[in-house]
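Chemist: Pasting a structure here, questions to come.
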Amino acid sequence: MVPFSDGASFDDNKKQCAFTSETGLTDDQEEFAALSKTIQMMKALTFLNLNIRFPSKLKIRSNSLELINSYSSHKDVWVLECICPSLQTFVCRNQANGVQPEIPLSRREVERYEGKESIQVKQVPFKGMSVPDNCEVFFQLTWSDLVGEGGADDLM
């Protein structure tokens, strides 16, 4: 058990963790800084499920995490930094949450990956990710997800 300054504690031997937050913090990111620190201290953590109901930005560092799932989170929950040398899988929703490609995908690239269940980090680097090259990012990828129903006209 790892103690917090307020007397609370958590089991640092847990292999799975689910984080749910229902209320927004606006500019106050203290809860997420504490979450980031807690994740880093959980040495046996292999699975992290994020269920955050408002826009937010996270940093995740873990030597043990193998799977991160942000699929159920709000559409603007972004992991800006993911330093996880054991990560095998990151699940996010239609490029609406989770992680973003370093360089926006062109229409041609989108069409090349369309219909595939995942993209390996070595194929398309993602912002802030320091993970193994064979780590897979899972999301449904379609051109309309990236530019909206109006197609390229939405970009102008």
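Going through the structure tokens in order, the chains are called A, B, and so on, while each chain numbers its residues from 1 and the ligands are numbered from 1 in the order shown.
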Set the distance at 8 Å and use only C-alpha atoms: which residues neighbour Asn69 (chain A) once local chain neighbours fewer than 3 positions away are removed? I'd like the list as JSON, numbers by chain.

Modeler: {"A": [48, 49, 50, 72, 90, 91, 92]}

Chemist: Dump N, CA, C and O atoms for the selected residues as a PDB file, in the first residue's frame?

Modeler:
```
ATOM      1  N   LEU A  48      -5.206  -0.077 -17.947  1.00  0.00           N
ATOM      2  CA  LEU A  48      -5.792   1.174 -17.466  1.00  0.00           C
ATOM      3  C   LEU A  48      -6.989   1.518 -18.327  1.00  0.00           C
ATOM      4  O   LEU A  48      -6.879   1.645 -19.549  1.00  0.00           O
ATOM      5  N   ASN A  49      -8.155   1.656 -17.705  1.00  0.00           N
ATOM      6  CA  ASN A  49      -9.387   2.041 -18.387  1.00  0.00           C
ATOM      7  C   ASN A  49      -9.754   3.458 -17.954  1.00  0.00           C
ATOM      8  O   ASN A  49      -9.970   3.705 -16.778  1.00  0.00           O
ATOM      9  N   LEU A  50      -9.814   4.375 -18.903  1.00  0.00           N
ATOM     10  CA  LEU A  50     -10.172   5.765 -18.617  1.00  0.00           C
ATOM     11  C   LEU A  50     -11.609   6.020 -19.038  1.00  0.00           C
ATOM     12  O   LEU A  50     -11.985   5.715 -20.162  1.00  0.00           O
ATOM     13  N   SER A  72     -14.233   4.966 -23.931  1.00  0.00           N
ATOM     14  CA  SER A  72     -15.469   5.423 -23.293  1.00  0.00           C
ATOM     15  C   SER A  72     -15.406   6.862 -22.795  1.00  0.00           C
ATOM     16  O   SER A  72     -16.391   7.384 -22.290  1.00  0.00           O
ATOM     17  N   PHE A  90      -3.274   0.612 -27.395  1.00  0.00           N
ATOM     18  CA  PHE A  90      -3.954   1.825 -26.949  1.00  0.00           C
ATOM     19  C   PHE A  90      -5.260   1.881 -27.721  1.00  0.00           C
ATOM     20  O   PHE A  90      -5.259   1.915 -28.944  1.00  0.00           O
ATOM     21  N   VAL A  91      -6.391   1.888 -27.021  1.00  0.00           N
ATOM     22  CA  VAL A  91      -7.706   1.917 -27.657  1.00  0.00           C
ATOM     23  C   VAL A  91      -8.296   3.311 -27.478  1.00  0.00           C
ATOM     24  O   VAL A  91      -8.403   3.804 -26.353  1.00  0.00           O
ATOM     25  N   CYS A  92      -8.661   3.946 -28.604  1.00  0.00           N
ATOM     26  CA  CYS A  92      -9.294   5.256 -28.530  1.00  0.00           C
ATOM     27  C   CYS A  92     -10.427   5.328 -29.548  1.00  0.00           C
ATOM     28  O   CYS A  92     -10.673   4.368 -30.271  1.00  0.00           O
TER      29      CYS A  92
END
```

Chemist: Which is closer to Ser70 (chain A) than all the others in A:Ala34, A:Ser118, A:Val124, A:Phe139, using only C-alpha atoms?

Modeler: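 Counting only C-alpha atoms, the residue closest to Ser70 (chain A) is A:Phe139.
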
Chemist: With a cut-off of 12 Å, could you pull out the residues of region 11-77 of chain A touching region 93-110 of chain A and give me the nearest pair of atoms for each, distance in Å to one decimal, using only C-alpha atoms, ordered by chain and ascending number, as JSON lines?

Modeler:
```
{"residue": "A:Asn49", "atom": "CA", "partner": "A:Gly98", "partner_atom": "CA", "distance": 11.4}
{"residue": "A:Leu50", "atom": "CA", "partner": "A:Gly98", "partner_atom": "CA", "distance": 9.5}
{"residue": "A:Asn51", "atom": "CA", "partner": "A:Asn97", "partner_atom": "CA", "distance": 11.1}
{"residue": "A:Ile52", "atom": "CA", "partner": "A:Asn97", "partner_atom": "CA", "distance": 10.4}
{"residue": "A:Arg53", "atom": "CA", "partner": "A:Asn97", "partner_atom": "CA", "distance": 11.4}
{"residue": "A:Phe54", "atom": "CA", "partner": "A:Asn97", "partner_atom": "CA", "distance": 11.0}
{"residue": "A:Pro55", "atom": "CA", "partner": "A:Asn97", "partner_atom": "CA", "distance": 9.2}
{"residue": "A:Ser56", "atom": "CA", "partner": "A:Asn97", "partner_atom": "CA", "distance": 9.7}
{"residue": "A:Lys57", "atom": "CA", "partner": "A:Gly98", "partner_atom": "CA", "distance": 9.3}
{"residue": "A:Leu58", "atom": "CA", "partner": "A:Gly98", "partner_atom": "CA", "distance": 9.3}
{"residue": "A:Lys59", "atom": "CA", "partner": "A:Val99", "partner_atom": "CA", "distance": 10.9}
{"residue": "A:Ile60", "atom": "CA", "partner": "A:Gly98", "partner_atom": "CA", "distance": 11.3}
{"residue": "A:Ile68", "atom": "CA", "partner": "A:Gly98", "partner_atom": "CA", "distance": 9.1}
{"residue": "A:Asn69", "atom": "CA", "partner": "A:Gly98", "partner_atom": "CA", "distance": 8.2}
{"residue": "A:Ser70", "atom": "CA", "partner": "A:Gly98", "partner_atom": "CA", "distance": 5.8}
{"residue": "A:Tyr71", "atom": "CA", "partner": "A:Arg93", "partner_atom": "CA", "distance": 4.9}
{"residue": "A:Ser72", "atom": "CA", "partner": "A:Arg93", "partner_atom": "CA", "distance": 7.8}
{"residue": "A:Ser73", "atom": "CA", "partner": "A:Asn97", "partner_atom": "CA", "distance": 7.2}
{"residue": "A:His74", "atom": "CA", "partner": "A:Asn97", "partner_atom": "CA", "distance": 7.0}
{"residue": "A:Lys75", "atom": "CA", "partner": "A:Ala96", "partner_atom": "CA", "distance": 4.8}
{"residue": "A:Asp76", "atom": "CA", "partner": "A:Asn97", "partner_atom": "CA", "distance": 5.3}
{"residue": "A:Val77", "atom": "CA", "partner": "A:Asn97", "partner_atom": "CA", "distance": 5.0}
```

Chemist: Can you work out which one of A:Gln40, A:Thr46, A:Thr20, A:Ser86 has the shortest atom-to-atom distance to Ser62 (chain A), counting only C-alpha atoms?

Modeler: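 The shortest atom-to-atom distance to Ser62 (chain A) comes from A:Gln40.
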
Chemist: Report the distance between CA of Trp78 (chain A) and CA of Lys127 (chain A) in Å, rounded to one decimal place.

Modeler: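 CA of Lys127 (chain A) lies at a distance of 10.2 Å from CA of Trp78 (chain A).
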
Chemist: List the neighbours of region 87-89 of chain A out to 6 Å using only C-alpha atoms; skip same-chain residues closer than 5 positions along the sequence, and give me the result as a ChimeraX atom specification.

Modeler: /A:65-67,135-137

Chemist: Can I get the selected residues back with N, CA, C and O atoms, as a PDB file, in the first residue's frame?

Modeler:
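Saved to again_5.pdb:
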```
ATOM      1  N   LEU A  65       2.476  -0.740 -17.833  1.00  0.00           N
ATOM      2  CA  LEU A  65       1.221  -0.728 -18.587  1.00  0.00           C
ATOM      3  C   LEU A  65       1.378  -1.405 -19.945  1.00  0.00           C
ATOM      4  O   LEU A  65       2.303  -1.123 -20.689  1.00  0.00           O
ATOM      5  N   GLU A  66       0.431  -2.299 -20.246  1.00  0.00           N
ATOM      6  CA  GLU A  66       0.404  -2.986 -21.530  1.00  0.00           C
ATOM      7  C   GLU A  66      -0.791  -2.557 -22.376  1.00  0.00           C
ATOM      8  O   GLU A  66      -0.768  -2.666 -23.586  1.00  0.00           O
ATOM      9  N   LEU A  67      -1.876  -2.082 -21.721  1.00  0.00           N
ATOM     10  CA  LEU A  67      -3.081  -1.690 -22.438  1.00  0.00           C
ATOM     11  C   LEU A  67      -3.697  -0.460 -21.788  1.00  0.00           C
ATOM     12  O   LEU A  67      -3.872  -0.431 -20.575  1.00  0.00           O
ATOM     13  N   CYS A 135       3.579  -1.381 -30.824  1.00  0.00           N
ATOM     14  CA  CYS A 135       2.372  -0.989 -30.097  1.00  0.00           C
ATOM     15  C   CYS A 135       1.306  -0.634 -31.131  1.00  0.00           C
ATOM     16  O   CYS A 135       1.577   0.039 -32.122  1.00  0.00           O
ATOM     17  N   GLU A 136       0.085  -1.100 -30.908  1.00  0.00           N
ATOM     18  CA  GLU A 136      -1.010  -0.840 -31.836  1.00  0.00           C
ATOM     19  C   GLU A 136      -2.009   0.150 -31.241  1.00  0.00           C
ATOM     20  O   GLU A 136      -2.389   0.031 -30.086  1.00  0.00           O
ATOM     21  N   VAL A 137      -2.398   1.110 -32.055  1.00  0.00           N
ATOM     22  CA  VAL A 137      -3.437   2.065 -31.681  1.00  0.00           C
ATOM     23  C   VAL A 137      -4.698   1.622 -32.409  1.00  0.00           C
ATOM     24  O   VAL A 137      -4.709   1.524 -33.638  1.00  0.00           O
TER      25      VAL A 137
END
```

Chemist: Please extract the residues of region 31-141 of chain A with a backbone DSSP assignment of strand (DSSP E or B) and present them as a ChimeraX atom specification.

Modeler: /A:47-52,56-61,67-69,77-83,89-91,98,101,118-120,126,129-130,136-138
